[in-house]
$ cat protein14.txt   # compact mmCIF, C-alpha atoms
# COMPACT_ATOMS: atom_id res chain seq x y z
CA MET A 1 -17.66 0.15 -141.11
CA THR A 2 -16.69 1.08 -137.56
CA VAL A 3 -16.34 -2.59 -136.58
CA ALA A 4 -14.18 -3.30 -139.64
CA ARG A 5 -12.00 -0.28 -138.89
CA HIS A 6 -11.61 -1.38 -135.25
CA ARG A 7 -10.71 -4.91 -136.36
CA GLY A 8 -8.16 -3.54 -138.84
CA ARG A 9 -6.53 -1.45 -136.11
CA SER A 10 -6.40 -4.47 -133.79
CA ILE A 11 -4.77 -6.60 -136.49
CA LEU A 12 -2.26 -3.83 -137.23
CA LEU A 13 -1.45 -3.38 -133.54
CA THR A 14 -1.09 -7.12 -132.98
CA SER A 15 1.15 -7.47 -136.03
CA GLY A 16 3.33 -4.59 -134.85
CA LEU A 17 3.68 -6.12 -131.37
CA ALA A 18 4.52 -9.51 -132.87
CA ILE A 19 7.25 -7.96 -135.03
CA ALA A 20 8.66 -6.06 -132.05
CA LEU A 21 8.64 -9.24 -129.95
CA ALA A 22 10.44 -11.15 -132.71
CA VAL A 23 13.07 -8.41 -132.99
CA VAL A 24 13.70 -8.67 -129.23
CA LEU A 25 13.67 -12.48 -128.97
CA ILE A 26 15.59 -13.49 -132.10
CA PRO A 27 19.01 -12.41 -130.72
CA PHE A 28 18.34 -14.38 -127.52
CA TYR A 29 17.29 -17.42 -129.52
CA TRP A 30 20.45 -17.24 -131.62
CA LEU A 31 22.53 -16.86 -128.45
CA VAL A 32 21.10 -20.09 -127.04
CA VAL A 33 21.55 -21.90 -130.36
CA ALA A 34 25.13 -20.65 -130.81
CA ALA A 35 25.99 -21.78 -127.28
CA THR A 36 25.43 -25.37 -128.42
CA HIS A 37 27.81 -25.15 -131.40
CA SER A 38 31.56 -25.01 -131.83
CA SER A 39 33.32 -21.82 -132.93
CA ARG A 40 33.74 -23.17 -136.47
CA GLU A 41 30.03 -23.99 -136.78
CA ILE A 42 28.99 -20.58 -135.48
CA PHE A 43 30.68 -18.88 -138.43
CA ASP A 44 29.26 -21.26 -141.05
CA SER A 45 27.31 -19.73 -143.91
CA PRO A 46 24.38 -19.84 -143.46
CA PRO A 47 24.64 -19.74 -139.64
CA PRO A 48 23.06 -22.59 -137.64
CA LEU A 49 19.44 -22.05 -136.66
CA LEU A 50 18.90 -25.26 -134.68
CA PRO A 51 20.66 -26.44 -131.47
CA GLY A 52 23.86 -28.45 -131.90
CA GLY A 53 25.72 -30.94 -129.77
CA HIS A 54 28.65 -28.96 -128.34
CA LEU A 55 27.00 -27.43 -125.26
CA GLY A 56 28.72 -29.86 -122.89
CA ALA A 57 32.11 -29.31 -124.52
CA ASN A 58 31.65 -25.52 -124.35
CA LEU A 59 30.73 -25.66 -120.66
CA ASN A 60 33.72 -27.91 -119.93
CA THR A 61 35.99 -25.41 -121.69
CA LEU A 62 34.49 -22.62 -119.58
CA GLN A 63 35.13 -24.53 -116.39
CA ASP A 64 38.67 -25.52 -117.34
CA THR A 65 39.83 -22.13 -118.58
CA ALA A 66 37.87 -19.68 -116.41
CA GLN A 67 36.71 -21.66 -113.33
CA PHE A 68 33.22 -20.67 -114.40
CA GLY A 69 31.41 -22.31 -111.48
CA ARG A 70 33.37 -20.27 -108.98
CA VAL A 71 33.03 -17.14 -111.11
CA VAL A 72 29.24 -17.44 -111.09
CA LEU A 73 29.27 -17.84 -107.29
CA ASN A 74 31.50 -14.75 -107.04
CA SER A 75 29.07 -12.71 -109.12
CA LEU A 76 26.06 -13.97 -107.18
CA LEU A 77 27.67 -13.14 -103.84
CA ILE A 78 28.73 -9.67 -104.95
CA ALA A 79 25.39 -8.89 -106.65
CA VAL A 80 23.24 -10.11 -103.72
CA VAL A 81 25.30 -8.31 -101.06
CA TYR A 82 25.39 -5.16 -103.18
CA THR A 83 21.64 -5.26 -103.81
CA VAL A 84 20.83 -5.59 -100.11
CA CYS A 85 23.33 -2.97 -98.91
CA ALA A 86 22.72 -0.46 -101.70
CA GLY A 87 18.96 -0.94 -101.36
CA ALA A 88 19.18 -0.08 -97.66
CA VAL A 89 21.34 2.99 -98.31
CA CYS A 90 19.11 4.26 -101.13
CA ALA A 91 15.93 3.69 -99.13
CA LEU A 92 17.26 5.50 -96.06
CA ALA A 93 18.64 8.38 -98.12
CA GLY A 94 15.45 8.65 -100.16
CA TYR A 95 13.38 8.72 -96.97
CA GLY A 96 15.57 11.45 -95.52
CA PHE A 97 15.29 13.63 -98.62
CA ALA A 98 11.53 13.03 -98.94
CA LYS A 99 10.32 13.49 -95.37
CA TYR A 100 12.88 15.47 -93.39
CA ARG A 101 13.27 19.23 -93.62
CA PHE A 102 16.81 20.45 -93.00
CA ARG A 103 18.96 23.32 -94.16
CA GLY A 104 20.57 22.76 -97.55
CA ARG A 105 18.35 19.79 -98.41
CA GLU A 106 17.57 20.93 -101.95
CA ALA A 107 21.17 21.93 -102.66
CA LEU A 108 22.46 18.61 -101.35
CA PHE A 109 19.92 16.70 -103.44
CA ALA A 110 20.85 18.70 -106.55
CA LEU A 111 24.52 17.94 -105.89
CA LEU A 112 23.68 14.25 -105.56
CA MET A 113 21.78 14.30 -108.84
CA LEU A 114 24.89 15.55 -110.60
CA GLY A 115 26.05 11.97 -110.27
CA LEU A 116 23.52 11.05 -112.95
CA VAL A 117 25.24 13.22 -115.55
CA ILE A 118 28.90 12.80 -114.59
CA PRO A 119 30.46 9.93 -116.59
CA ALA A 120 31.55 7.04 -114.40
CA GLN A 121 34.93 6.97 -116.16
CA VAL A 122 35.81 10.32 -114.55
CA THR A 123 35.84 8.73 -111.09
CA LEU A 124 37.83 5.58 -111.93
CA VAL A 125 41.29 6.99 -111.12
CA PRO A 126 40.42 8.59 -107.74
CA LEU A 127 38.40 5.52 -106.74
CA PHE A 128 41.31 3.25 -107.63
CA GLN A 129 43.65 5.41 -105.52
CA MET A 130 41.23 5.19 -102.59
CA MET A 131 41.01 1.41 -102.87
CA ALA A 132 44.80 1.15 -103.01
CA GLU A 133 45.21 3.32 -99.90
CA LEU A 134 42.65 1.17 -98.06
CA HIS A 135 44.46 -2.01 -99.23
CA TRP A 136 41.20 -3.22 -100.77
CA LEU A 137 42.47 -4.08 -104.23
CA ASN A 138 41.48 -7.58 -105.34
CA THR A 139 38.75 -7.77 -102.68
CA TYR A 140 34.99 -7.96 -102.95
CA GLN A 141 34.45 -4.84 -100.85
CA ALA A 142 36.33 -2.84 -103.47
CA VAL A 143 33.69 -3.87 -106.00
CA ILE A 144 30.71 -3.35 -103.67
CA MET A 145 31.42 -0.24 -101.62
CA PRO A 146 32.03 2.62 -104.12
CA ASN A 147 28.53 2.57 -105.65
CA LEU A 148 26.35 1.91 -102.61
CA ALA A 149 24.82 5.41 -102.69
CA LEU A 150 23.63 5.17 -106.28
CA PRO A 151 22.05 8.49 -107.37
CA PHE A 152 19.32 6.86 -109.46
CA GLY A 153 18.33 4.57 -106.59
CA ILE A 154 18.12 7.47 -104.15
CA PHE A 155 16.08 9.48 -106.66
CA LEU A 156 13.66 6.58 -107.20
CA MET A 157 13.11 6.05 -103.47
CA ARG A 158 12.76 9.76 -102.77
CA GLN A 159 10.08 10.15 -105.41
CA SER A 160 8.23 7.07 -104.15
CA MET A 161 8.38 8.04 -100.47
CA ALA A 162 7.29 11.61 -101.22
CA ALA A 163 3.84 10.17 -101.98
CA LEU A 164 3.44 8.83 -98.42
CA PRO A 165 1.07 11.03 -96.37
CA ASP A 166 2.82 12.93 -93.60
CA GLU A 167 -0.19 12.20 -91.37
CA LEU A 168 0.69 8.49 -91.49
CA LEU A 169 4.16 9.21 -90.12
CA ASP A 170 2.81 11.63 -87.50
CA SER A 171 0.35 9.01 -86.25
CA GLY A 172 3.19 6.51 -85.92
CA ARG A 173 5.22 8.98 -83.88
CA MET A 174 2.21 9.68 -81.65
CA ASP A 175 1.95 5.93 -80.99
CA GLY A 176 5.51 5.93 -79.70
CA CYS A 177 7.45 4.71 -82.74
CA GLY A 178 11.10 5.68 -82.88
CA GLU A 179 12.46 6.89 -86.19
CA LEU A 180 14.07 3.58 -87.18
CA ARG A 181 11.01 1.57 -86.16
CA LEU A 182 8.80 4.06 -88.01
CA PHE A 183 10.92 3.57 -91.12
CA TRP A 184 10.80 -0.23 -90.82
CA LYS A 185 7.16 -0.70 -89.81
CA VAL A 186 5.35 2.21 -91.45
CA VAL A 187 7.41 3.48 -94.40
CA LEU A 188 8.80 0.31 -95.98
CA PRO A 189 5.63 -1.88 -96.27
CA PRO A 190 3.89 0.44 -98.80
CA MET A 191 7.20 0.75 -100.66
CA LYS A 192 7.39 -2.93 -101.72
CA PRO A 193 6.73 -2.21 -105.45
CA ALA A 194 9.37 0.54 -105.52
CA LEU A 195 11.81 -1.63 -103.56
CA ALA A 196 11.28 -4.50 -106.01
CA ALA A 197 12.00 -2.21 -108.96
CA LEU A 198 15.08 -0.89 -107.17
CA ALA A 199 16.27 -4.44 -106.37
CA ILE A 200 15.99 -5.49 -110.02
CA PHE A 201 17.91 -2.41 -111.16
CA LEU A 202 20.66 -2.82 -108.54
CA PHE A 203 21.11 -6.54 -109.18
CA LEU A 204 21.36 -6.10 -112.94
CA TYR A 205 23.63 -3.08 -112.54
CA GLN A 206 26.11 -5.03 -110.41
CA TRP A 207 25.79 -8.33 -112.29
CA ASN A 208 26.59 -6.68 -115.63
CA ASP A 209 29.29 -4.30 -114.35
CA PHE A 210 32.54 -4.88 -116.22
CA VAL A 211 34.94 -1.94 -116.11
CA TRP A 212 35.25 -1.44 -112.34
CA PRO A 213 35.65 -5.16 -111.43
CA LEU A 214 38.18 -5.46 -114.26
CA ILE A 215 40.25 -2.68 -112.66
CA VAL A 216 40.20 -3.79 -109.02
CA LEU A 217 40.11 -7.60 -109.33
CA ARG A 218 43.44 -9.16 -110.26
CA ASP A 219 43.16 -12.80 -109.21
CA SER A 220 41.27 -14.96 -111.74
CA ALA A 221 39.66 -16.87 -108.87
CA SER A 222 37.88 -13.70 -107.76
CA PHE A 223 36.69 -12.58 -111.20
CA THR A 224 33.04 -11.80 -111.90
CA VAL A 225 31.22 -13.26 -114.91
CA PRO A 226 31.78 -10.34 -117.36
CA VAL A 227 35.50 -10.17 -116.49
CA ALA A 228 35.94 -13.94 -116.78
CA LEU A 229 34.20 -14.04 -120.18
CA ALA A 230 36.38 -11.18 -121.44
CA SER A 231 39.49 -13.08 -120.34
CA LEU A 232 38.59 -15.86 -122.80
CA GLN A 233 39.28 -13.60 -125.77
CA GLY A 234 42.79 -14.51 -126.91
CA LEU A 235 45.14 -12.69 -129.25
CA ASP A 236 45.45 -15.61 -131.66
CA GLU A 237 42.28 -17.64 -131.12
CA THR A 238 38.97 -17.07 -129.36
CA ASP A 239 36.57 -19.84 -128.42
CA TYR A 240 33.29 -18.12 -129.26
CA GLY A 241 31.30 -21.25 -128.48
CA ALA A 242 32.50 -21.18 -124.87
CA ILE A 243 31.99 -17.43 -124.58
CA LEU A 244 28.42 -17.63 -125.89
CA ALA A 245 27.67 -20.59 -123.62
CA GLY A 246 28.89 -18.54 -120.67
CA THR A 247 26.86 -15.54 -121.80
CA ALA A 248 23.71 -17.67 -122.05
CA ALA A 249 24.36 -19.18 -118.61
CA ALA A 250 24.98 -15.71 -117.15
CA ALA A 251 21.56 -14.57 -118.36
CA ILE A 252 19.77 -17.19 -116.22
CA PRO A 253 20.17 -15.44 -112.81
CA MET A 254 19.06 -12.12 -114.32
CA ALA A 255 15.96 -13.75 -115.78
CA LEU A 256 15.14 -15.46 -112.47
CA VAL A 257 15.44 -12.21 -110.51
CA PHE A 258 13.23 -10.38 -112.98
CA LEU A 259 10.59 -13.13 -113.01
CA ALA A 260 10.55 -13.24 -109.22
CA LEU A 261 9.97 -9.49 -108.90
CA GLN A 262 8.35 -8.56 -112.20
CA ARG A 263 4.82 -8.22 -110.79
CA HIS A 264 6.07 -5.30 -108.69
CA PHE A 265 8.34 -3.85 -111.36
CA VAL A 266 5.93 -1.70 -113.41
CA SER A 267 4.04 -0.37 -110.40
CA GLY A 268 7.34 0.40 -108.72
CA LEU A 269 8.57 2.43 -111.67
CA LEU A 270 5.26 4.29 -111.83
CA ALA A 271 5.53 5.02 -108.11
CA GLY A 272 8.91 6.60 -108.82
CA ALA A 273 7.21 9.07 -111.16
CA VAL A 274 5.07 10.57 -108.39
CA LYS A 275 5.87 14.19 -107.71
CA GLU A 276 5.64 16.08 -104.51

$ encode --input "protein14.txt" --output "structure tokens"
Amino acid sequence: MTVARHRGRSILLTSGLAIALAVVLIPFYWLVVAATHSSREIFDSPPPLLPGGHLGANLNTLQDTAQFGRVVLNSLLIAVVYTVCAGAVCALAGYGFAKYRFRGREALFALLMLGLVIPAQVTLVPLFQMMAELHWLNTYQAVIMPNLALPFGIFLMRQSMAALPDELLDSGRMDGCGELRLFWKVVLPPMKPALAALAIFLFLYQWNDFVWPLIVLRDSASFTVPVALASLQGLDETDYGAILAGTAAAAIPMALVFLALQRHFVSGLLAGAVKE
């Protein structure tokens, strides 16, 4: 009876996981299928469930109307530079909050965490004014710089680095390590899982960002992927086949980054849950 009950629970759990997986994957499957059809075929009833023959035409339309090849390179450049720079800032700030004792540390950290609850839309106008005064409008640095000190990234690294034993840092100082060398040689190596999780989050955050690049980028040659895809929506006619083809193509770099770092992702998130 116990074996039968255990087998029934296993079947129920497996069935539930299969249903959940199908719910997650079906929209992605339809996205790939729709990217190979024309706009007229996409809205057929019933909708197409098998790949069609318009993928090449859709990609050509993307290239002709939105310079999609250049747009993808723009997004890759911005996302990679942002991930590296923001990762360095978040790691250094997290280390400072976790391991240094200074007056006002808790108040400063609480003030920083307010950034998690303040809507990003509140800061759009002052940020735009700052970019205009710096003459950075329509430049990549205007997209990259404002969000380098991301509150969630600093919080994740602080919580991860708080788990490092202070004795490990003290031994490094006794061996003659300077603070920067200590950070590079002693602190960062155990933080690889947390850094991988942070890198995935930062890359996806910047790759998918739409509102801020839409505001500061004005030249179509400097658009990012979300802005370029939005520009394809016309008042009279919208080529949904091209838009869905671009959306499917834009998902490839995100999938590659996640697959490259996914073995560190879960352990990195769990490391961020460690409390002092």

$ closest_residue --input "protein14.txt" --among "A:Gly178, A:Pro253, A:Gly87, A:Gly246" --to "Lys192 of chain A" --atoms "only C-alpha atoms"
A:Gly87

$ residues_around --input "protein14.txt" --residues "Val32 of chain A" --least-positions-apart "4" --cutoff "10 Å" --atoms "only C-alpha atoms" --output "JSON, numbers by chain"
{"A": [26, 27, 28, 36, 37, 49, 50, 51, 55, 244, 245, 247, 248, 249]}

$ write_last_selection --input "protein14.txt" --atoms "C-alpha atoms" --output "compact mmCIF listing (two decimals), keeping the file's coordinate frame"
# COMPACT_ATOMS: atom_id res chain seq x y z
CA ILE A 26 15.59 -13.49 -132.10
CA PRO A 27 19.01 -12.41 -130.72
CA PHE A 28 18.34 -14.38 -127.52
CA THR A 36 25.43 -25.37 -128.42
CA HIS A 37 27.81 -25.15 -131.40
CA LEU A 49 19.44 -22.05 -136.66
CA LEU A 50 18.90 -25.26 -134.68
CA PRO A 51 20.66 -26.44 -131.47
CA LEU A 55 27.00 -27.43 -125.26
CA LEU A 244 28.42 -17.63 -125.89
CA ALA A 245 27.67 -20.59 -123.62
CA THR A 247 26.86 -15.54 -121.80
CA ALA A 248 23.71 -17.67 -122.05
CA ALA A 249 24.36 -19.18 -118.61

$ closest_residue --input "protein14.txt" --among "A:Val257, A:Phe102, A:Val23, A:Thr61" --to "Leu229 of chain A" --atoms "all atoms listed in the file"
A:Thr61

$ atom_distance --input "protein14.txt" --atom1 "atom CA of Ala120 of chain A" --atom2 "atom CA of Leu217 of chain A"
17.7 Å

$ closest_residue --input "protein14.txt" --among "A:Leu59, A:Leu17, A:Leu256, A:Val89" --to "Met145 of chain A" --atoms "only C-alpha atoms"
A:Val89

$ build_atoms --input "protein14.txt" --residues "segment 190-211 of chain A" --atoms "N, CA and C atoms" --output "PDB file, in the coordinates of the input"
ATOM      1  N   PRO A 190       4.515  -0.053 -97.557  1.00  0.00           N
ATOM      2  CA  PRO A 190       3.890   0.440 -98.800  1.00  0.00           C
ATOM      3  C   PRO A 190       4.879   0.600 -99.950  1.00  0.00           C
ATOM      4  N   MET A 191       6.169   0.531 -99.648  1.00  0.00           N
ATOM      5  CA  MET A 191       7.200   0.750-100.660  1.00  0.00           C
ATOM      6  C   MET A 191       7.639  -0.543-101.363  1.00  0.00           C
ATOM      7  N   LYS A 192       6.949  -1.662-101.131  1.00  0.00           N
ATOM      8  CA  LYS A 192       7.390  -2.930-101.720  1.00  0.00           C
ATOM      9  C   LYS A 192       7.501  -2.877-103.250  1.00  0.00           C
ATOM     10  N   PRO A 193       6.544  -2.289-103.979  1.00  0.00           N
ATOM     11  CA  PRO A 193       6.730  -2.210-105.450  1.00  0.00           C
ATOM     12  C   PRO A 193       7.975  -1.413-105.844  1.00  0.00           C
ATOM     13  N   ALA A 194       8.192  -0.272-105.194  1.00  0.00           N
ATOM     14  CA  ALA A 194       9.370   0.540-105.520  1.00  0.00           C
ATOM     15  C   ALA A 194      10.649  -0.184-105.124  1.00  0.00           C
ATOM     16  N   LEU A 195      10.637  -0.884-103.993  1.00  0.00           N
ATOM     17  CA  LEU A 195      11.810  -1.630-103.560  1.00  0.00           C
ATOM     18  C   LEU A 195      12.115  -2.780-104.516  1.00  0.00           C
ATOM     19  N   ALA A 196      11.067  -3.417-105.039  1.00  0.00           N
ATOM     20  CA  ALA A 196      11.280  -4.500-106.010  1.00  0.00           C
ATOM     21  C   ALA A 196      11.904  -3.958-107.290  1.00  0.00           C
ATOM     22  N   ALA A 197      11.400  -2.823-107.776  1.00  0.00           N
ATOM     23  CA  ALA A 197      12.000  -2.210-108.960  1.00  0.00           C
ATOM     24  C   ALA A 197      13.442  -1.823-108.706  1.00  0.00           C
ATOM     25  N   LEU A 198      13.702  -1.277-107.518  1.00  0.00           N
ATOM     26  CA  LEU A 198      15.080  -0.890-107.170  1.00  0.00           C
ATOM     27  C   LEU A 198      15.975  -2.127-107.081  1.00  0.00           C
ATOM     28  N   ALA A 199      15.467  -3.224-106.499  1.00  0.00           N
ATOM     29  CA  ALA A 199      16.270  -4.440-106.370  1.00  0.00           C
ATOM     30  C   ALA A 199      16.640  -5.005-107.735  1.00  0.00           C
ATOM     31  N   ILE A 200      15.694  -5.002-108.672  1.00  0.00           N
ATOM     32  CA  ILE A 200      15.990  -5.490-110.020  1.00  0.00           C
ATOM     33  C   ILE A 200      17.077  -4.626-110.663  1.00  0.00           C
ATOM     34  N   PHE A 201      16.930  -3.314-110.551  1.00  0.00           N
ATOM     35  CA  PHE A 201      17.910  -2.410-111.160  1.00  0.00           C
ATOM     36  C   PHE A 201      19.291  -2.604-110.547  1.00  0.00           C
ATOM     37  N   LEU A 202      19.371  -2.684-109.213  1.00  0.00           N
ATOM     38  CA  LEU A 202      20.660  -2.820-108.540  1.00  0.00           C
ATOM     39  C   LEU A 202      21.322  -4.145-108.868  1.00  0.00           C
ATOM     40  N   PHE A 203      20.533  -5.222-108.879  1.00  0.00           N
ATOM     41  CA  PHE A 203      21.110  -6.540-109.180  1.00  0.00           C
ATOM     42  C   PHE A 203      21.666  -6.573-110.602  1.00  0.00           C
ATOM     43  N   LEU A 204      20.887  -6.097-111.554  1.00  0.00           N
ATOM     44  CA  LEU A 204      21.360  -6.100-112.940  1.00  0.00           C
ATOM     45  C   LEU A 204      22.547  -5.170-113.127  1.00  0.00           C
ATOM     46  N   TYR A 205      22.523  -4.031-112.442  1.00  0.00           N
ATOM     47  CA  TYR A 205      23.630  -3.080-112.540  1.00  0.00           C
ATOM     48  C   TYR A 205      24.933  -3.740-112.072  1.00  0.00           C
ATOM     49  N   GLN A 206      24.893  -4.427-110.935  1.00  0.00           N
ATOM     50  CA  GLN A 206      26.110  -5.030-110.410  1.00  0.00           C
ATOM     51  C   GLN A 206      26.493  -6.294-111.181  1.00  0.00           C
ATOM     52  N   TRP A 207      25.504  -7.092-111.567  1.00  0.00           N
ATOM     53  CA  TRP A 207      25.790  -8.330-112.290  1.00  0.00           C
ATOM     54  C   TRP A 207      26.466  -8.052-113.629  1.00  0.00           C
ATOM     55  N   ASN A 208      26.060  -6.981-114.299  1.00  0.00           N
ATOM     56  CA  ASN A 208      26.590  -6.680-115.630  1.00  0.00           C
ATOM     57  C   ASN A 208      27.807  -5.743-115.600  1.00  0.00           C
ATOM     58  N   ASP A 209      28.178  -5.252-114.429  1.00  0.00           N
ATOM     59  CA  ASP A 209      29.290  -4.300-114.350  1.00  0.00           C
ATOM     60  C   ASP A 209      30.586  -4.983-114.798  1.00  0.00           C
ATOM     61  N   PHE A 210      31.318  -4.300-115.662  1.00  0.00           N
ATOM     62  CA  PHE A 210      32.540  -4.880-116.220  1.00  0.00           C
ATOM     63  C   PHE A 210      33.788  -4.064-115.919  1.00  0.00           C
ATOM     64  N   VAL A 211      33.733  -2.756-116.155  1.00  0.00           N
ATOM     65  CA  VAL A 211      34.940  -1.940-116.110  1.00  0.00           C
ATOM     66  C   VAL A 211      35.536  -1.898-114.700  1.00  0.00           C
TER      67      VAL A 211
END
